[in-house]
Structure formats: C-alpha cells, structure tokens
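Colleague: Below you will find the structure I want to go over with you.
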Amino acid sequence: MDTNTVVQAAQVIGPHAFAWLGAGLAVGLGTLGSGVGIGIIFGKSIESAARQPEATPLINRMMYTGFALVEAQALYALLITFLLLAKK
Amino acid sequence: MGEHHIITHLPIHALGINLSITNVVVMLMVAAGLTFLFLFGAARALRPTGEGRLANLAEALLGFVQENVSDAFLGQHASHWFPFVATVFFFILFGNLIGLVPIPSYFHAATGNLNVTATMASVVFLIVQGVAIKSHGLKFYLSVLFPRSAPAILRYTLMPPIELIGIIARPFSLAIRLFANMMAGHQIIIVLLTGELIGVTYLLHQGFFLKILAPAPLIGAIVMDGFEIFVAFIQAFIFALLTALYLGEALEGSH
C-alpha cells in the first residue's frame, strides 16, 4: 500500500480522516503504558502490604499517589484525542 | 465536545478584555463560595468544643490533609504552609464536586476548564519559585540546574536541560492532569446519557441492540458518577500533595 492509495482512501472517507484515525490511535496506544503502570503499582503495593501489614496506611497513601500520577499519562493522550476530534 | 454552551449573564468588556459574567464564572464563584462557607463554618464549629457533625467532618478532612500532605512533605514548615495547602485542596475539591450536580447544561465542574486549572498551576508555580528565591537566593537555580549529586561529566552538559524541562513541565502537568481528569469523566457521562459525541450518535441509543440492553448506558452513567466522586477527591489530593512536595523541595533546597 503506497502513499497514493492511502491519500485516495482518505479523500473518499472525507476531510479530517487522518484526524479521526489519529484520535483512535492516540488514546489506544496511550492507555497501554498507563495500564501496565497501574498494574505494577497495585501489584507491588498489595505484595508489600502482605509482607508488612502494619505499614498498610503508608502503602495505601503511596498507592493512591502513584495511581493518580500514572493515570494522568493516559489522560494526556485522551486530551490529544479530544483536540483531534474537535476538528469539524 | 459541544455540550458546554457559554451563557453570558452580564457582558463586561474592559480594556479590550472580555470580563463578562458567564456561567463558567458563576461556577467558579459557587466553588469559591462553598470553600469559604465550609472552612469558615468548620472554624466556628471547631472552636468551642469540637462536637457536632460539621466539626467532625471538617476535622476528618483537615486532619487527613495535614497528616498526609502537609506533614509528610514540609517538615518544619508544615504549620506555616498548611493553610495554603488546605485551601488549595478544598477549592479544587469543591470545584470538582459541583460538576456532579445534575442540573442540565448549567452546572459543570469549575475545574473542567483549562483556563481555571492553568491559572491554579501558574499560581502554585509562581509561589514555589518565589519561596525558593526568598529562602535561598538566586543561587538556588545554580544548585538545581547543575546538581552536585551528578558526576562532573553530566553536571554541565546533560543535566541542565533535563532539570530545566523538569521545572517547566511541572505547572503544565499539574494543569493538564486536573483538567483532563475532570473533562474525561464528564465526557464519558455525557456520551453514556445522551449518546452524542461530536455529533455522532452512539449505537446503543439508536436501538441497534435488543431492547433489553437499553438500561446499560444508564447504569453505566450511574457507576461513572460514583467513580467521579472518587476521582474528584483523588485529584484534589494529588494537586495539594504535589504543591506541598514542590514547596518542600523549594524550602529545603534540592540535591
């Protein structure tokens, strides 16, 4: 598939076709890293809470902090999606 | 994203800037008013005895902020900066929570607006830099940009751009994190309830599937609403935590 075919396909679909494609790709690929990060964070914190139950409040606090920071990365990608979708 | 119509209540144009009272401004005033009323009422309720429902609620929230945010990052300056951190926390909390009131097309989260979150992030950034300059002088930046904990090869070549980008990226990440969290949650609820995202009608609302699946978007919207309360608390906590973290770094010097 050379670039001419891709350009012709985009012209058939309509204007801003690549914007829609990019919007889908942005949030799709962006949540990959965030999902892995959240899995690691919660897995490790459950593991460490099981090893030392009396440290659970501290571990909980750090877990929620880490979760929000990692979730923000996926939302940066979602922001790009909204910016792309807002093109009329 | 056409669900936020700006309703201008009182047009004010001064010096070429549009200072009209719109519904966004009214939401901000509601958030600020709620913050003031809650904290003022909490102070009055806690003063004589500390009994009663508002006193208990305020003590729980303020104790949470003091223990987990202020004392954890600020050390000896905790009691000095705790009012600022607590105000940031409560303003963002109320700004997030008023977006959950179901009055259609008027009530939206005051923090679901990039202007609001960017302003808050800029204020925090300026205060942190001001505190750093005031307590360490301008040579504070020398110790940040050329960190002594890095080997001499990197200290003058690679670390300055990295540290500079790190400093510049902080207000951006604060603003975008809060804004995107609030906007994404409300967009999901809007899509589930009205079935319209950028003018494209959602399949479940077109009757494509069996009628028995029809309550699914409504149940999804209710579940997302509960999740939004959780996200509102977490985002306020994270913003206040990062504010206290940056303040602590500025106060005691880094590296």
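Residue numbering restarts at 1 for every chain of the structure tokens, chains are lettered A, B, ... in their displayed order, and ligands are numbered from 1 as they appear.
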List as an MDAnalysis selection string the protein and nucleic acid residues near Phe73 in chain B, meaning an atom at most 12 Å away when only C-alpha atoms are counted, but skip any in the same chain fewer than 4 places from it.
Modeller: chainID B and resid 65:69 77:79 81:82 85 240:252
Colleague: Please produce a file of the residues just selected, as a PDB file, in the first residue's frame, where the atoms kept are C-alpha atoms.
Modeller:
```pdb
ATOM      1  CA  VAL B  65      -4.786  16.893  54.647  1.00  0.00           C
ATOM      2  CA  GLN B  66      -2.465  17.811  57.481  1.00  0.00           C
ATOM      3  CA  GLU B  67      -1.217  14.300  58.136  1.00  0.00           C
ATOM      4  CA  ASN B  68      -0.817  13.033  54.620  1.00  0.00           C
ATOM      5  CA  VAL B  69       0.010  16.137  52.656  1.00  0.00           C
ATOM      6  CA  HIS B  77       7.427  24.486  57.763  1.00  0.00           C
ATOM      7  CA  ALA B  78       4.266  22.381  57.830  1.00  0.00           C
ATOM      8  CA  SER B  79       2.271  24.576  60.187  1.00  0.00           C
ATOM      9  CA  TRP B  81       2.175  26.444  54.868  1.00  0.00           C
ATOM     10  CA  PHE B  82      -0.710  24.227  55.940  1.00  0.00           C
ATOM     11  CA  VAL B  85      -2.169  23.713  51.025  1.00  0.00           C
ATOM     12  CA  ALA B 240      -2.347  19.512  47.056  1.00  0.00           C
ATOM     13  CA  LEU B 241       0.281  16.798  47.503  1.00  0.00           C
ATOM     14  CA  LEU B 242       2.344  17.981  44.551  1.00  0.00           C
ATOM     15  CA  THR B 243       2.022  21.570  45.745  1.00  0.00           C
ATOM     16  CA  ALA B 244       3.360  20.561  49.164  1.00  0.00           C
ATOM     17  CA  LEU B 245       6.085  18.486  47.512  1.00  0.00           C
ATOM     18  CA  TYR B 246       7.328  21.342  45.339  1.00  0.00           C
ATOM     19  CA  LEU B 247       7.147  23.725  48.283  1.00  0.00           C
ATOM     20  CA  GLY B 248       9.141  21.326  50.435  1.00  0.00           C
ATOM     21  CA  GLU B 249      11.776  20.996  47.736  1.00  0.00           C
ATOM     22  CA  ALA B 250      11.998  24.754  47.369  1.00  0.00           C
ATOM     23  CA  LEU B 251      12.175  25.359  51.104  1.00  0.00           C
ATOM     24  CA  GLU B 252      14.923  22.968  51.988  1.00  0.00           C
TER      25      GLU B 252
END
```
Colleague: Hey, list the chain A side of the contact with chain B: 12 Å cut-off, only C-alpha atoms, answer as an mmCIF file with C-alpha atoms, in the first residue's frame.
Modeller:
```
data_model
loop_
_atom_site.group_PDB
_atom_site.id
_atom_site.type_symbol
_atom_site.label_atom_id
_atom_site.label_comp_id
_atom_site.auth_asym_id
_atom_site.auth_seq_id
_atom_site.Cartn_x
_atom_site.Cartn_y
_atom_site.Cartn_z
ATOM 1 C CA TRP A 20 -10.114 10.552 13.319
ATOM 2 C CA VAL A 27 -5.961 7.010 23.118
ATOM 3 C CA PRO A 57 -1.779 3.095 55.746
ATOM 4 C CA LEU A 58 1.519 4.336 54.371
ATOM 5 C CA ILE A 59 1.350 1.891 51.483
ATOM 6 C CA ASN A 60 -2.238 2.945 50.734
ATOM 7 C CA ARG A 61 -1.233 6.592 50.600
ATOM 8 C CA MET A 62 1.663 5.950 48.254
ATOM 9 C CA MET A 63 -0.515 3.665 46.130
ATOM 10 C CA TYR A 64 -3.134 6.324 45.522
ATOM 11 C CA THR A 65 -0.473 8.911 44.807
ATOM 12 C CA GLY A 66 1.172 6.658 42.251
ATOM 13 C CA PHE A 67 -2.168 5.749 40.698
ATOM 14 C CA ALA A 68 -3.140 9.356 40.076
ATOM 15 C CA LEU A 69 0.225 10.222 38.587
ATOM 16 C CA VAL A 70 0.164 7.244 36.220
ATOM 17 C CA GLU A 71 -3.476 7.798 35.268
ATOM 18 C CA ALA A 72 -2.578 11.325 34.240
ATOM 19 C CA GLN A 73 -0.348 9.956 31.483
ATOM 20 C CA ALA A 74 -3.234 8.155 29.839
ATOM 21 C CA LEU A 75 -5.317 11.302 30.130
ATOM 22 C CA TYR A 76 -2.666 13.348 28.334
ATOM 23 C CA ALA A 77 -3.294 11.022 25.376
ATOM 24 C CA LEU A 78 -7.051 11.415 25.805
ATOM 25 C CA LEU A 79 -6.599 15.174 25.662
ATOM 26 C CA ILE A 80 -4.903 14.835 22.279
ATOM 27 C CA THR A 81 -7.838 12.721 21.151
ATOM 28 C CA PHE A 82 -10.309 15.398 22.128
ATOM 29 C CA LEU A 83 -8.223 18.032 20.380
ATOM 30 C CA LEU A 84 -8.206 15.941 17.223
ATOM 31 C CA LEU A 85 -11.908 15.118 17.371
ATOM 32 C CA ALA A 86 -12.863 18.755 17.778
ATOM 33 C CA LYS A 87 -11.914 19.464 14.179
ATOM 34 C CA LYS A 88 -15.053 19.837 12.145
#
```
Colleague: How close does range 109-228 of chain B get to range 11-27 of chain B? List, as CSV, each residue of range 109-228 of chain B within 12 Å, its nearest atom pair and the distance in Å to one decimal, counting only C-alpha atoms.
Modeller:
```
residue,atom,partner,partner_atom,distance
B:Ala109,CA,B:Met27,CA,7.3
B:Ala110,CA,B:Met27,CA,5.5
B:Thr111,CA,B:Met27,CA,9.3
B:Gly112,CA,B:Val24,CA,9.7
B:Asn113,CA,B:Val24,CA,8.4
B:Leu114,CA,B:Val24,CA,11.5
B:Asn115,CA,B:Val24,CA,10.4
B:Val116,CA,B:Val24,CA,9.6
```
Colleague: Generate a file of the selected residues that holds N, CA and C atoms, formatted as a PDB file, in the first residue's frame.
Modeller:
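Result file is again_39.pdb:
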```pdb
ATOM      1  N   ALA B 109     -18.181  21.204  36.178  1.00  0.00           N
ATOM      2  CA  ALA B 109     -17.069  21.339  37.109  1.00  0.00           C
ATOM      3  C   ALA B 109     -16.292  22.605  36.788  1.00  0.00           C
ATOM      4  N   ALA B 110     -16.059  23.405  37.806  1.00  0.00           N
ATOM      5  CA  ALA B 110     -15.291  24.627  37.587  1.00  0.00           C
ATOM      6  C   ALA B 110     -13.876  24.302  37.144  1.00  0.00           C
ATOM      7  N   THR B 111     -13.363  23.140  37.575  1.00  0.00           N
ATOM      8  CA  THR B 111     -12.012  22.771  37.185  1.00  0.00           C
ATOM      9  C   THR B 111     -11.981  22.012  35.880  1.00  0.00           C
ATOM     10  N   GLY B 112     -13.130  21.829  35.225  1.00  0.00           N
ATOM     11  CA  GLY B 112     -13.133  21.166  33.935  1.00  0.00           C
ATOM     12  C   GLY B 112     -12.828  22.126  32.815  1.00  0.00           C
ATOM     13  N   ASN B 113     -12.103  23.170  33.127  1.00  0.00           N
ATOM     14  CA  ASN B 113     -11.845  24.257  32.215  1.00  0.00           C
ATOM     15  C   ASN B 113     -10.352  24.514  32.274  1.00  0.00           C
ATOM     16  N   LEU B 114      -9.689  24.437  31.130  1.00  0.00           N
ATOM     17  CA  LEU B 114      -8.231  24.535  31.155  1.00  0.00           C
ATOM     18  C   LEU B 114      -7.765  25.887  31.667  1.00  0.00           C
ATOM     19  N   ASN B 115      -8.587  26.933  31.484  1.00  0.00           N
ATOM     20  CA  ASN B 115      -8.181  28.241  31.996  1.00  0.00           C
ATOM     21  C   ASN B 115      -8.069  28.226  33.504  1.00  0.00           C
ATOM     22  N   VAL B 116      -9.025  27.576  34.164  1.00  0.00           N
ATOM     23  CA  VAL B 116      -9.021  27.555  35.624  1.00  0.00           C
ATOM     24  C   VAL B 116      -7.821  26.773  36.140  1.00  0.00           C
TER      25      VAL B 116
END
```
Colleague: Please list as a PDB file with C-alpha atoms, in the first residue's frame every residue within 7 Å of range 91-108 of chain B, counting only C-alpha atoms and excluding residues in the same chain fewer than 2 positions away.
Modeller:
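part_3.pdb was written with the following content:
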```pdb
ATOM      1  CA  HIS B   4     -20.699  23.381  27.167  1.00  0.00           C
ATOM      2  CA  ASN B  23     -21.905  30.555  33.571  1.00  0.00           C
ATOM      3  CA  ALA B  31     -16.872  26.804  44.181  1.00  0.00           C
ATOM      4  CA  ALA B  32     -15.095  29.645  45.952  1.00  0.00           C
ATOM      5  CA  LEU B  34     -18.577  26.826  49.054  1.00  0.00           C
ATOM      6  CA  THR B  35     -14.916  26.671  50.060  1.00  0.00           C
ATOM      7  CA  THR B  87      -7.141  25.973  50.784  1.00  0.00           C
ATOM      8  CA  VAL B  88      -5.814  24.602  47.507  1.00  0.00           C
ATOM      9  CA  PHE B  89      -7.160  21.175  48.432  1.00  0.00           C
ATOM     10  CA  ALA B 110     -15.291  24.627  37.587  1.00  0.00           C
ATOM     11  CA  THR B 111     -12.012  22.771  37.185  1.00  0.00           C
ATOM     12  CA  ILE B 229     -16.690  11.361  43.230  1.00  0.00           C
ATOM     13  CA  ALA B 232     -12.657  14.332  42.493  1.00  0.00           C
ATOM     14  CA  PHE B 233     -11.135  13.508  45.888  1.00  0.00           C
ATOM     15  CA  ALA B 236      -7.695  17.359  44.787  1.00  0.00           C
TER      16      ALA B 236
END
```
Colleague: Enter the distance from CA of Leu62 in chain B to CA of Phe90 in chain B, in Å, rounded to one decimal.
Modeller: 9.3 Å
Colleague: Hey, can you check how far CA of Ala55 in chain B sits from CA of Phe40 in chain B?
Modeller: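 CA of Ala55 in chain B sits 11.0 Å away from CA of Phe40 in chain B.
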